[in-house]
>>> print(open('run25.txt').read())   # compact mmCIF, C-alpha atoms and all ligand atoms
# COMPACT_ATOMS: atom_id res chain seq x y z
CA MET A 1 69.04 -155.70 -45.46
CA SER A 2 70.11 -153.30 -48.21
CA SER A 3 71.48 -149.77 -48.38
CA SER A 4 69.23 -146.84 -49.25
CA PHE A 5 69.92 -143.86 -51.49
CA TRP A 6 70.16 -141.76 -48.27
CA SER A 7 72.74 -143.98 -46.62
CA SER A 8 74.76 -144.17 -49.83
CA ASN A 9 75.27 -140.40 -49.50
CA GLN A 10 76.77 -140.77 -46.00
CA VAL A 11 80.55 -140.36 -45.92
CA GLY A 12 82.35 -143.62 -45.17
CA THR A 13 79.43 -145.99 -45.82
CA PHE A 14 81.15 -147.65 -48.75
CA SER A 15 84.44 -149.51 -48.52
CA HIS A 16 87.02 -150.52 -51.06
CA ASP A 17 86.55 -153.65 -53.15
CA ILE A 18 88.35 -156.81 -52.09
CA VAL A 19 89.98 -159.57 -54.10
CA THR A 20 90.26 -163.01 -52.51
CA ASP A 21 90.72 -166.65 -53.53
CA VAL A 22 87.76 -167.99 -51.56
CA LEU A 23 84.90 -166.02 -50.04
CA ILE A 24 82.89 -167.80 -47.34
CA ILE A 25 79.53 -166.16 -46.66
CA GLY A 26 78.33 -166.96 -43.12
CA GLY A 27 80.50 -166.85 -39.99
CA GLY A 28 79.09 -169.81 -38.06
CA TYR A 29 80.67 -173.14 -37.13
CA ALA A 30 80.30 -174.50 -40.69
CA GLY A 31 81.88 -171.44 -42.31
CA LEU A 32 84.79 -171.31 -39.88
CA SER A 33 85.37 -175.09 -39.98
CA THR A 34 85.55 -174.84 -43.77
CA ALA A 35 88.05 -171.97 -43.50
CA PHE A 36 90.09 -174.02 -41.02
CA TRP A 37 90.43 -176.89 -43.51
CA LEU A 38 90.98 -174.68 -46.57
CA THR A 39 93.93 -173.02 -44.84
CA GLU A 40 95.15 -176.29 -43.31
CA ILE A 41 95.32 -177.89 -46.77
CA ARG A 42 96.50 -174.77 -48.68
CA PRO A 43 98.24 -172.41 -46.24
CA ASN A 44 98.78 -169.76 -48.93
CA LEU A 45 95.14 -169.55 -49.95
CA LYS A 46 93.56 -166.13 -49.42
CA VAL A 47 90.31 -166.77 -47.54
CA THR A 48 87.76 -164.12 -46.57
CA ILE A 49 84.79 -164.68 -44.25
CA LEU A 50 81.80 -162.38 -44.64
CA GLU A 51 79.33 -162.28 -41.74
CA ARG A 52 76.29 -160.03 -41.67
CA LEU A 53 76.38 -159.59 -37.88
CA THR A 54 79.18 -161.03 -35.74
CA CYS A 55 80.60 -164.54 -36.02
CA GLY A 56 78.46 -166.93 -33.97
CA SER A 57 75.35 -164.77 -34.06
CA GLY A 58 73.41 -167.52 -35.87
CA ALA A 59 72.61 -170.99 -34.52
CA THR A 60 76.24 -171.51 -33.53
CA GLY A 61 75.98 -169.04 -30.68
CA LYS A 62 72.54 -170.25 -29.59
CA ASN A 63 72.90 -174.01 -29.32
CA ALA A 64 73.22 -176.44 -26.44
CA GLY A 65 76.89 -177.22 -27.06
CA PHE A 66 76.41 -180.99 -27.48
CA LEU A 67 79.37 -182.26 -29.50
CA THR A 68 77.77 -185.65 -30.01
CA ILE A 69 76.75 -188.06 -32.73
CA GLY A 70 73.09 -187.27 -31.92
CA SER A 71 70.36 -189.28 -30.23
CA ALA A 72 69.40 -192.90 -30.85
CA ALA A 73 66.02 -191.55 -32.04
CA PHE A 74 67.79 -189.55 -34.79
CA TYR A 75 69.39 -192.77 -36.04
CA TYR A 76 66.05 -194.58 -35.88
CA ASN A 77 64.70 -192.00 -38.37
CA LEU A 78 67.76 -192.33 -40.61
CA PHE A 79 67.55 -196.12 -40.40
CA ASN A 80 63.90 -196.08 -41.53
CA ARG A 81 64.76 -193.89 -44.47
CA TRP A 82 68.15 -195.18 -45.60
CA GLY A 83 68.64 -198.63 -44.11
CA VAL A 84 71.22 -199.80 -41.63
CA GLU A 85 74.37 -199.42 -43.73
CA LYS A 86 73.89 -195.83 -44.83
CA ALA A 87 72.46 -194.73 -41.49
CA SER A 88 75.36 -196.22 -39.55
CA SER A 89 77.83 -194.54 -41.92
CA VAL A 90 76.37 -191.22 -40.70
CA ALA A 91 77.05 -192.27 -37.08
CA ALA A 92 80.64 -193.13 -38.07
CA PHE A 93 80.99 -189.76 -39.83
CA ALA A 94 79.68 -187.88 -36.77
CA SER A 95 81.94 -189.80 -34.41
CA HIS A 96 84.94 -189.10 -36.66
CA SER A 97 83.97 -185.42 -36.77
CA VAL A 98 83.90 -185.11 -32.97
CA ASN A 99 87.25 -186.93 -32.63
CA LEU A 100 88.82 -184.85 -35.37
CA LEU A 101 87.82 -181.67 -33.56
CA TYR A 102 89.45 -182.98 -30.40
CA GLU A 103 92.66 -183.99 -32.18
CA SER A 104 92.90 -180.81 -34.28
CA ILE A 105 91.70 -178.11 -31.88
CA LEU A 106 90.25 -178.97 -28.47
CA LYS A 107 93.32 -180.64 -27.00
CA PHE A 108 95.52 -177.64 -27.86
CA HIS A 109 93.07 -175.01 -26.60
CA PRO A 110 92.19 -175.40 -22.92
CA GLU A 111 90.60 -171.92 -23.00
CA ILE A 112 87.61 -173.60 -24.68
CA LYS A 113 86.92 -175.27 -21.29
CA PHE A 114 85.37 -178.29 -22.97
CA GLU A 115 84.37 -181.34 -20.95
CA ARG A 116 84.49 -184.98 -21.95
CA SER A 117 81.04 -186.47 -21.64
CA SER A 118 78.72 -189.12 -23.00
CA SER A 119 75.32 -188.51 -24.49
CA VAL A 120 72.45 -190.60 -23.22
CA THR A 121 69.15 -191.11 -25.02
CA LEU A 122 66.85 -191.61 -22.03
CA ILE A 123 64.10 -194.19 -22.25
CA LYS A 124 61.02 -193.81 -20.06
CA ASN A 125 59.28 -197.06 -20.77
CA GLN A 126 59.82 -200.29 -22.59
CA ASN A 127 57.12 -199.56 -25.24
CA PHE A 128 59.45 -197.11 -26.89
CA ILE A 129 62.13 -199.73 -27.37
CA GLU A 130 59.56 -202.33 -28.44
CA SER A 131 58.61 -200.24 -31.46
CA TRP A 132 62.28 -199.96 -32.39
CA LYS A 133 62.71 -203.71 -32.03
CA THR A 134 59.62 -204.44 -34.13
CA ASN A 135 61.20 -202.43 -36.92
CA ASN A 136 64.56 -204.25 -36.47
CA PHE A 137 66.35 -201.10 -35.30
CA ILE A 138 69.27 -202.04 -33.07
CA PRO A 139 70.86 -198.98 -31.40
CA GLU A 140 74.04 -201.01 -30.80
CA ASP A 141 74.65 -200.88 -34.57
CA PHE A 142 75.01 -197.09 -34.18
CA HIS A 143 77.70 -196.71 -31.48
CA PHE A 144 75.18 -196.90 -28.59
CA THR A 145 75.34 -199.14 -25.52
CA TRP A 146 72.45 -199.83 -23.18
CA LYS A 147 72.60 -198.47 -19.61
CA SER A 148 70.07 -199.82 -17.15
CA SER A 149 68.31 -197.45 -14.74
CA GLN A 150 70.72 -198.61 -12.03
CA GLU A 151 73.61 -197.25 -14.09
CA LEU A 152 71.99 -193.83 -14.51
CA PRO A 153 72.66 -190.98 -12.03
CA ASP A 154 70.61 -191.35 -8.81
CA SER A 155 68.27 -188.50 -9.70
CA LEU A 156 67.21 -190.21 -12.95
CA LYS A 157 66.86 -193.80 -11.71
CA SER A 158 63.24 -193.52 -10.64
CA ILE A 159 62.14 -191.71 -13.81
CA TYR A 160 63.82 -193.70 -16.60
CA THR A 161 64.09 -197.42 -17.27
CA GLY A 162 67.50 -196.81 -18.83
CA GLY A 163 69.16 -195.16 -21.75
CA TYR A 164 71.34 -195.62 -24.81
CA GLU A 165 74.77 -194.13 -24.30
CA ALA A 166 77.27 -192.90 -26.87
CA SER A 167 80.62 -192.25 -25.22
CA LEU A 168 83.79 -190.24 -25.89
CA GLU A 169 81.96 -187.07 -26.77
CA PHE A 170 82.10 -183.50 -25.45
CA LYS A 171 80.09 -180.63 -24.11
CA VAL A 172 81.30 -177.12 -24.84
CA ASN A 173 80.40 -173.49 -24.74
CA PRO A 174 79.89 -173.16 -28.52
CA LEU A 175 80.92 -169.50 -28.60
CA LEU A 176 84.21 -170.18 -26.82
CA LEU A 177 84.85 -172.92 -29.38
CA LEU A 178 84.03 -170.64 -32.31
CA ASN A 179 86.15 -167.79 -30.94
CA SER A 180 89.14 -170.10 -30.59
CA ILE A 181 88.77 -171.26 -34.19
CA LYS A 182 88.49 -167.61 -35.20
CA GLY A 183 91.74 -166.87 -33.35
CA ILE A 184 93.50 -169.70 -35.22
CA LEU A 185 92.17 -168.42 -38.54
CA LYS A 186 93.31 -164.86 -37.84
CA LEU A 187 96.82 -166.14 -37.18
CA ARG A 188 96.63 -167.89 -40.54
CA GLY A 189 95.77 -164.60 -42.25
CA VAL A 190 92.06 -165.22 -42.87
CA ASN A 191 90.28 -161.92 -43.44
CA PHE A 192 87.10 -161.42 -41.37
CA ILE A 193 84.51 -158.89 -42.52
CA GLU A 194 81.73 -158.61 -39.95
CA ASN A 195 78.56 -156.50 -39.78
CA GLU A 196 78.30 -156.65 -43.56
CA ALA A 197 75.79 -158.82 -45.41
CA GLY A 198 76.29 -160.61 -48.71
CA PHE A 199 73.45 -159.82 -51.13
CA GLU A 200 74.05 -161.37 -54.49
CA ILE A 201 76.50 -163.36 -56.57
CA THR A 202 77.12 -161.75 -59.94
CA GLN A 203 79.61 -162.48 -62.72
CA THR A 204 81.89 -159.71 -61.47
CA GLY A 205 81.77 -160.64 -57.80
CA VAL A 206 79.67 -160.78 -54.65
CA LYS A 207 77.71 -157.66 -53.82
CA THR A 208 77.58 -156.80 -50.15
CA SER A 209 75.98 -153.95 -48.25
CA ARG A 210 79.19 -151.95 -48.68
CA ARG A 211 81.26 -153.14 -51.63
CA LEU A 212 82.00 -155.70 -54.30
CA ILE A 213 84.11 -158.70 -53.27
CA LYS A 214 85.89 -160.45 -56.13
CA PRO A 215 86.56 -164.08 -55.26
CA GLN A 216 87.67 -166.99 -57.42
CA LYS A 217 85.26 -169.21 -55.50
CA VAL A 218 82.31 -168.63 -53.16
CA ILE A 219 81.14 -170.89 -50.33
CA LEU A 220 77.69 -170.27 -48.90
CA ALA A 221 77.54 -171.30 -45.22
CA LEU A 222 74.22 -169.72 -44.30
CA ASN A 223 72.33 -172.72 -42.91
CA GLY A 224 68.87 -171.55 -41.72
CA TYR A 225 69.28 -168.20 -43.50
CA SER A 226 70.01 -169.68 -46.94
CA SER A 227 66.62 -168.96 -48.45
CA GLN A 228 66.90 -165.31 -47.36
CA PHE A 229 70.02 -165.08 -49.52
CA HIS A 230 68.47 -166.74 -52.54
CA SER A 231 64.97 -168.07 -53.13
CA ALA A 232 66.39 -171.19 -54.83
CA PHE A 233 67.05 -172.54 -51.34
CA GLN A 234 63.38 -172.27 -50.37
CA ASN A 235 62.70 -175.88 -51.29
CA LEU A 236 66.01 -177.14 -49.98
CA VAL A 237 66.76 -175.68 -46.54
CA PHE A 238 63.87 -174.83 -44.23
CA PRO A 239 64.40 -172.39 -41.36
CA LYS A 240 63.04 -173.77 -38.10
CA ARG A 241 63.21 -172.14 -34.71
CA ALA A 242 64.54 -173.94 -31.63
CA GLN A 243 64.07 -172.55 -28.14
CA MET A 244 66.04 -173.06 -24.96
CA LEU A 245 66.22 -171.84 -21.38
CA SER A 246 68.76 -172.00 -18.62
CA ALA A 247 67.84 -172.19 -14.94
CA ARG A 248 69.57 -171.98 -11.59
CA LEU A 249 68.71 -174.90 -9.33
CA GLU A 250 68.07 -174.71 -5.61
CA GLU A 251 69.82 -178.03 -4.98
CA ASP A 252 72.65 -179.99 -6.55
CA PHE A 253 71.65 -182.23 -9.44
CA ASN A 254 74.50 -184.50 -10.40
CA CYS A 255 74.04 -185.55 -13.99
CA PRO A 256 77.42 -185.37 -15.72
CA ASP A 257 76.43 -186.20 -19.31
CA VAL A 258 74.23 -184.64 -21.97
CA TYR A 259 70.74 -186.07 -22.32
CA TYR A 260 68.11 -186.54 -25.00
CA ASP A 261 64.58 -187.52 -24.02
CA PRO A 262 62.87 -188.46 -27.30
CA ALA A 263 59.49 -189.19 -25.70
CA GLU A 264 59.40 -185.71 -24.17
CA LYS A 265 61.22 -184.22 -27.19
CA VAL A 266 63.76 -182.34 -25.08
CA TYR A 267 67.53 -182.28 -24.68
CA TRP A 268 69.37 -180.99 -21.65
CA ARG A 269 72.66 -180.77 -19.81
CA MET A 270 74.06 -179.34 -16.65
CA ASN A 271 76.35 -176.37 -17.09
CA HIS A 272 77.47 -176.34 -13.48
CA GLN A 273 76.13 -178.48 -10.68
CA ARG A 274 73.37 -175.98 -10.11
CA GLU A 275 72.75 -174.69 -13.61
CA ILE A 276 70.74 -176.59 -16.20
CA ILE A 277 70.20 -175.83 -19.91
CA VAL A 278 67.18 -177.38 -21.62
CA GLY A 279 65.80 -177.10 -25.14
CA GLY A 280 63.26 -178.71 -27.43
CA LYS A 281 59.45 -179.02 -27.40
CA ARG A 282 59.29 -177.32 -30.82
CA THR A 283 56.87 -179.96 -32.13
CA LEU A 284 54.20 -178.58 -29.77
CA ASP A 285 53.88 -175.73 -32.28
CA GLU A 286 55.38 -177.19 -35.45
CA SER A 287 53.82 -174.62 -37.80
CA GLY A 288 54.53 -171.67 -35.50
CA GLU A 289 58.19 -172.57 -35.07
CA VAL A 290 59.02 -171.90 -38.70
CA GLY A 291 60.99 -168.95 -40.10
CA GLU A 292 64.00 -166.82 -39.27
CA PHE A 293 62.53 -164.81 -36.39
CA GLU A 294 64.41 -165.58 -33.18
CA LYS A 295 61.66 -165.09 -30.63
CA VAL A 296 60.76 -167.10 -27.54
CA THR A 297 57.13 -168.08 -27.06
CA PRO A 298 55.17 -168.72 -23.84
CA LEU A 299 53.85 -172.10 -25.06
CA ILE A 300 57.25 -173.66 -25.60
CA GLN A 301 59.00 -171.95 -22.71
CA LYS A 302 56.26 -173.16 -20.34
CA ALA A 303 56.60 -176.71 -21.66
CA LEU A 304 60.36 -176.61 -21.04
CA GLU A 305 59.74 -175.46 -17.47
CA GLN A 306 57.18 -178.24 -17.00
CA TYR A 307 59.80 -180.75 -18.06
CA LEU A 308 62.12 -179.49 -15.32
CA ASP A 309 59.20 -179.89 -12.88
CA LYS A 310 58.91 -183.51 -13.97
CA LEU A 311 62.57 -184.01 -13.13
CA GLY A 312 61.61 -182.88 -9.61
CA LEU A 313 63.71 -179.70 -9.80
CA LYS A 314 63.18 -176.43 -7.98
CA PHE A 315 64.59 -173.69 -10.18
CA GLN A 316 64.70 -170.11 -11.28
CA VAL A 317 64.95 -169.33 -15.00
CA THR A 318 67.95 -167.12 -15.81
CA HIS A 319 67.92 -166.95 -19.64
CA ARG A 320 65.50 -167.72 -22.44
CA TRP A 321 66.53 -167.70 -26.08
CA ALA A 322 65.84 -169.01 -29.57
CA GLY A 323 67.98 -169.83 -32.60
CA ILE A 324 67.33 -170.74 -36.22
CA MET A 325 68.20 -174.18 -37.53
CA GLY A 326 68.35 -175.10 -41.22
CA PHE A 327 66.49 -178.33 -41.96
CA THR A 328 66.64 -180.38 -45.12
CA ASP A 329 63.95 -182.79 -46.15
CA HIS A 330 66.17 -185.77 -45.33
CA GLU A 331 67.61 -184.18 -42.15
CA LEU A 332 71.20 -184.41 -43.37
CA PRO A 333 73.40 -181.57 -44.57
CA ILE A 334 74.07 -180.65 -48.18
CA ILE A 335 77.71 -180.09 -49.16
CA ASP A 336 77.89 -179.57 -52.88
CA ARG A 337 78.59 -177.28 -55.77
CA VAL A 338 75.60 -175.14 -56.78
CA PRO A 339 75.05 -173.46 -60.13
CA ALA A 340 75.70 -169.69 -59.90
CA PRO A 341 77.39 -166.92 -61.91
CA LEU A 342 80.69 -167.63 -60.06
CA GLU A 343 82.11 -171.02 -58.97
CA THR A 344 79.93 -171.52 -55.89
CA TYR A 345 79.52 -174.20 -53.22
CA PHE A 346 77.02 -174.74 -50.43
CA ILE A 347 77.45 -176.20 -46.95
CA GLY A 348 74.41 -176.24 -44.69
CA GLY A 349 71.11 -177.81 -43.73
CA PHE A 350 72.50 -179.42 -40.58
CA SER A 351 69.00 -180.09 -39.27
CA GLY A 352 69.91 -179.50 -35.64
CA HIS A 353 73.13 -181.55 -35.68
CA GLY A 354 75.70 -179.06 -36.94
CA MET A 355 77.98 -179.12 -33.90
CA GLY A 356 78.39 -182.89 -34.10
CA LEU A 357 78.70 -183.07 -37.89
CA GLY A 358 80.16 -179.64 -38.66
CA PHE A 359 83.92 -179.98 -38.31
CA LEU A 360 84.38 -182.92 -40.66
CA SER A 361 81.73 -181.39 -42.94
CA GLY A 362 83.98 -178.32 -43.18
CA LYS A 363 86.82 -180.60 -44.25
CA GLU A 364 84.60 -182.25 -46.87
CA MET A 365 83.59 -178.80 -48.17
CA ALA A 366 87.22 -177.68 -48.38
CA GLN A 367 88.24 -180.84 -50.23
CA VAL A 368 85.40 -180.55 -52.75
CA CYS A 369 86.09 -176.84 -53.28
CA LEU A 370 89.81 -177.50 -53.84
CA GLY A 371 89.09 -180.35 -56.24
CA ILE A 372 90.67 -182.97 -53.93
CA LYS A 373 87.37 -184.83 -53.70
CA GLU A 374 84.76 -185.00 -56.40
CA GLU A 375 81.82 -185.38 -54.05
CA SER A 376 81.24 -184.95 -50.35
CA PHE A 377 80.17 -187.81 -48.10
CA PHE A 378 76.66 -186.34 -48.06
CA HIS A 379 76.30 -186.27 -51.84
CA GLN A 380 74.95 -189.84 -51.75
CA PHE A 381 71.91 -188.59 -49.78
CA LYS A 382 71.17 -185.65 -52.06
CA GLN A 383 67.80 -185.55 -53.76
CA VAL A 384 67.17 -182.16 -55.31
CA ASP A 385 69.24 -179.67 -57.28
CA SER A 386 69.22 -175.93 -56.80
CA ALA A 387 70.16 -173.21 -59.25
CA ILE A 388 71.02 -169.79 -57.96
C1 LIG B 1 68.62 -173.78 -29.82
C2 LIG B 1 69.52 -174.66 -30.64
C3 LIG B 1 70.16 -175.74 -30.03
C4 LIG B 1 71.02 -176.56 -30.77
N1 LIG B 1 71.75 -177.51 -30.11
C5 LIG B 1 72.68 -178.22 -30.81
C6 LIG B 1 73.56 -179.11 -30.15
O1 LIG B 1 73.58 -179.18 -28.93
N2 LIG B 1 74.40 -179.89 -30.91
C7 LIG B 1 74.42 -179.79 -32.27
O2 LIG B 1 75.16 -180.55 -32.92
N3 LIG B 1 73.68 -178.87 -32.91
C8 LIG B 1 72.83 -178.08 -32.21
N4 LIG B 1 72.08 -177.15 -32.86
C9 LIG B 1 72.31 -176.93 -34.29
C10 LIG B 1 73.61 -176.16 -34.52
O3 LIG B 1 73.63 -174.99 -33.72
C11 LIG B 1 73.71 -175.79 -35.99
O4 LIG B 1 73.55 -176.95 -36.78
C12 LIG B 1 75.06 -175.16 -36.33
O5 LIG B 1 75.36 -174.12 -35.44
C13 LIG B 1 75.00 -174.67 -37.76
O6 LIG B 1 76.15 -173.88 -38.01
P1 LIG B 1 76.19 -173.02 -39.34
O7 LIG B 1 77.48 -172.34 -39.37
O8 LIG B 1 75.80 -173.87 -40.49
O9 LIG B 1 74.97 -171.97 -39.17
P2 LIG B 1 74.89 -170.61 -38.35
O10 LIG B 1 75.60 -170.66 -37.06
O11 LIG B 1 73.44 -170.23 -38.30
O12 LIG B 1 75.69 -169.60 -39.27
C14 LIG B 1 75.16 -168.95 -40.40
C15 LIG B 1 75.69 -167.52 -40.36
O13 LIG B 1 75.35 -166.85 -41.58
C16 LIG B 1 75.15 -165.49 -41.26
N5 LIG B 1 74.41 -164.87 -42.37
C17 LIG B 1 73.11 -165.04 -42.71
N6 LIG B 1 72.82 -164.35 -43.82
C18 LIG B 1 73.96 -163.73 -44.20
C19 LIG B 1 74.30 -162.88 -45.30
N7 LIG B 1 73.40 -162.54 -46.22
N8 LIG B 1 75.59 -162.44 -45.40
C20 LIG B 1 76.52 -162.79 -44.49
N9 LIG B 1 76.24 -163.59 -43.43
C21 LIG B 1 74.99 -164.05 -43.29
C22 LIG B 1 74.37 -165.54 -39.96
O14 LIG B 1 74.42 -164.31 -39.27
C23 LIG B 1 75.09 -166.69 -39.24
O15 LIG B 1 76.11 -166.22 -38.39
C24 LIG B 1 71.20 -176.31 -32.15
C25 LIG B 1 70.56 -175.25 -32.76
C26 LIG B 1 69.73 -174.41 -32.02
C27 LIG B 1 69.08 -173.24 -32.69
>>> encode(input="run25.txt", output="structure tokens", more="lines below")
Ligand SMILES: Cc1cc2nc3c(=O)[nH]c(=O)nc-3n(C[C@H](O)[C@H](O)[C@H](O)COP(=O)(O)OP(=O)(O)OC[C@H]3O[C@@H](n4cnc5c(N)ncnc54)[C@H](O)[C@@H]3O)c2cc1C
Amino acid sequence: MSSSFWSSNQVGTFSHDIVTDVLIIGGGYAGLSTAFWLTEIRPNLKVTILERLTCGSGATGKNAGFLTIGSAAFYYNLFNRWGVEKASSVAAFASHSVNLLYESILKFHPEIKFERSSSVTLIKNQNFIESWKTNNFIPEDFHFTWKSSQELPDSLKSIYTGGYEASLEFKVNPLLLLNSIKGILKLRGVNFIENEAGFEITQTGVKTSRRLIKPQKVILALNGYSSQFHSAFQNLVFPKRAQMLSARLEEDFNCPDVYYDPAEKVYWRMNHQREIIVGGKRTLDESGEVGEFEKVTPLIQKALEQYLDKLGLKFQVTHRWAGIMGFTDHELPIIDRVPAPLETYFIGGFSGHGMGLGFLSGKEMAQVCLGIKEESFFHQFKQVDSAI
């Protein structure tokens, strides 16, 4: 996106320049969580959020609304890479993040219509667990408890041998959550500029499609779109597409929690008793599901439907959609200062776990940006530097 010579001659296309203390580029959950903590810690700080479309139009408005620590399979990967201590510190961070959101926002905002729930990593057969055991991975070290098939909802008992449960989590409509945070920020005087893209950071300010914004500090919260903003992120945050569908069921299906099925590579939840949301299957077309283009594809959508068939459901699809996730090589976010012409920070690369990790990550970003903390929790996992 840029503005042409022709559009620059249209009356009213350009707007006045803006001066602000902190400019956050990207109006998703990470950007707004960061703004929440900046203004919580320094109520007089002038914060501006710049969003190229509308807030929540990125992954935040497209996700499954699992406010969880993630699946046991996610921790198995972290455990293999980082060992038990570091991997379990991520589980503690995620759990703290979900609780902090409840204590700071959810419990005061019933309009978000959140529900308490557990997340269950469903296990189809014992072989799966055997490979974990062989590698000394113990899900109980990561906030999970085993549930036998008898403890699962009736409709899942005959399909799964059991599951690993993480409790005291939530399911939400992510857009309702984001809009409530936006409402809080507006009351705090945060300035929202929507339908205007940030193009470039220069010594004099940030160039947008309409003006120059002059901030003291810049925070990039662009997640899967980071490399569109600057090519330095090409080797750091990889855009990957994730697809979902929702379906109306012909019969009740009483499964109150949110579910991961790592063998089938899907995640799903009920919205109402007769409405299911399911996503995943992206590894069926790993190379095709790369990039920032939010399209749905027959291959993946069919596979999601086939999964619902396997659950024995009769259904009618009501919505199909896709969103763009930002993946890092190590599948953990980056929250750090980055070299740029102005004092600039980066928060992103949530690798499909931004709703669970995002709120506390926003606090970490705010603390680093304000000089309260030297490094974020995720700095210890960082491997590469970027210069923009
Ligand atoms: C289908 C799907 C299901 C998911 N399910 C879950 C889940 O259940 N639980 C979970 O924890 N995570 C889930 N995730 C991941 C989660 O949605 C993300 O990690 C999280 O939303 C990231 O938030 P963000 O603010 O970093 O990014 P985004 O929400 O993508 O925000 C980035 C924003 O930057 C804006 N932008 C881009 N370029 C510019 C520019 N040049 N100028 C200004 N603005 C710009 C975009 O429009 C966008 O609004 C899912 C993701 C997808 C796609």
>>> closest_atom_pairs(input="run25.txt", of="range 117-167 of chain A", to="range 264-281 of chain A", cutoff="12 Å", atoms="only C-alpha atoms", output="tab-separated table")
residue	atom	partner	partner_atom	distance
A:Ser117	CA	A:Arg269	CA	10.3
A:Ser118	CA	A:Arg269	CA	10.8
A:Ser119	CA	A:Arg269	CA	9.4
A:Val120	CA	A:Tyr267	CA	9.8
A:Thr121	CA	A:Tyr267	CA	9.0
A:Leu122	CA	A:Tyr267	CA	9.7
A:Ile123	CA	A:Glu264	CA	9.9
A:Lys124	CA	A:Glu264	CA	9.2
A:Asn125	CA	A:Glu264	CA	11.8
A:Phe128	CA	A:Glu264	CA	11.7
A:Tyr160	CA	A:Glu264	CA	11.9
>>> write_last_selection(input="run25.txt", atoms="C-alpha atoms", output="PDB file, keeping the file's coordinate frame")
ATOM      1  CA  SER A 117      81.040-186.470 -21.640  1.00  0.00           C
ATOM      2  CA  SER A 118      78.720-189.120 -23.000  1.00  0.00           C
ATOM      3  CA  SER A 119      75.320-188.510 -24.490  1.00  0.00           C
ATOM      4  CA  VAL A 120      72.450-190.600 -23.220  1.00  0.00           C
ATOM      5  CA  THR A 121      69.150-191.110 -25.020  1.00  0.00           C
ATOM      6  CA  LEU A 122      66.850-191.610 -22.030  1.00  0.00           C
ATOM      7  CA  ILE A 123      64.100-194.190 -22.250  1.00  0.00           C
ATOM      8  CA  LYS A 124      61.020-193.810 -20.060  1.00  0.00           C
ATOM      9  CA  ASN A 125      59.280-197.060 -20.770  1.00  0.00           C
ATOM     10  CA  PHE A 128      59.450-197.110 -26.890  1.00  0.00           C
ATOM     11  CA  TYR A 160      63.820-193.700 -16.600  1.00  0.00           C
TER      12      TYR A 160
END
>>> closest_residue(input="run25.txt", among="A:Val190, A:Met244, A:Leu222, A:Ala64", to="Lys171 in chain A", atoms="all atoms listed in the file")
A:Ala64
>>> residues_around(input="run25.txt", residues="Leu152 in chain A", least_positions_apart="2", cutoff="10 Å", atoms="all atoms listed in the file", output="JSON, numbers by chain")
{"A": [120, 122, 147, 148, 149, 150, 154, 155, 156, 157, 158, 160, 161, 162, 163, 255]}
>>> atom_distance(input="run25.txt", atom1="CA of Cys369 in chain A", atom2="atom C15 of ligand LIG 1 (chain B)")
19.0 Å
>>> closest_atom_pairs(input="run25.txt", of="chain A", to="ligand LIG 1 (chain B)", cutoff="6 Å", atoms="all atoms listed in the file", output="CSV")
residue,atom,partner,partner_atom,distance
A:Ile25,CA,B:LIG1,C20,5.0
A:Gly26,CA,B:LIG1,O13,3.4
A:Gly27,CA,B:LIG1,O15,4.7
A:Gly28,CA,B:LIG1,O7,3.3
A:Tyr29,CA,B:LIG1,O7,4.0
A:Ala30,CA,B:LIG1,O7,3.8
A:Gly31,CA,B:LIG1,O7,5.4
A:Leu50,CA,B:LIG1,C20,5.3
A:Glu51,CA,B:LIG1,N9,3.8
A:Arg52,CA,B:LIG1,C20,4.0
A:Leu53,CA,B:LIG1,O14,5.3
A:Cys55,CA,B:LIG1,O15,5.3
A:Gly56,CA,B:LIG1,O15,5.1
A:Ser57,CA,B:LIG1,O15,4.6
A:Gly58,CA,B:LIG1,O11,3.6
A:Ala59,CA,B:LIG1,O10,3.9
A:Thr60,CA,B:LIG1,O5,3.4
A:Lys62,CA,B:LIG1,C1,5.3
A:Asn63,CA,B:LIG1,C3,3.3
A:Ala64,CA,B:LIG1,O1,3.7
A:Gly65,CA,B:LIG1,O1,4.3
A:Phe66,CA,B:LIG1,O1,3.7
A:Leu67,CA,B:LIG1,N2,5.7
A:Ala197,CA,B:LIG1,N8,3.6
A:Gly198,CA,B:LIG1,N8,3.8
A:Phe199,CA,B:LIG1,N7,5.6
A:Ala221,CA,B:LIG1,O8,5.7
A:Leu222,CA,B:LIG1,C14,4.1
A:Asn223,CA,B:LIG1,O8,4.4
A:Gly224,CA,B:LIG1,O11,5.9
A:Tyr225,CA,B:LIG1,C17,5.0
A:Phe229,CA,B:LIG1,N7,5.4
A:Ala242,CA,B:LIG1,C1,4.5
A:Gln243,CA,B:LIG1,C1,5.0
A:Met244,CA,B:LIG1,C1,5.5
A:Ala322,CA,B:LIG1,C1,5.5
A:Gly323,CA,B:LIG1,C27,3.6
A:Ile324,CA,B:LIG1,C27,4.7
A:Met325,CA,B:LIG1,C27,5.0
A:Gly348,CA,B:LIG1,O8,5.0
A:Phe350,CA,B:LIG1,O4,4.7
A:Gly352,CA,B:LIG1,C9,3.8
A:His353,CA,B:LIG1,O2,3.6
A:Gly354,CA,B:LIG1,O4,3.0
A:Met355,CA,B:LIG1,O2,3.3
A:Gly356,CA,B:LIG1,O2,4.2
>>> residues_near_point(input="run25.txt", point="(89.6, -165.7, -37.1)", cutoff="10 Å", atoms="all atoms listed in the file", output="PyMOL selection string")
chain A and resi 27+32+35-36+48-49+55+178-192
>>> atom_distance(input="run25.txt", atom1="CA of Glu294 in chain A", atom2="CA of Gln234 in chain A")
18.5 Å
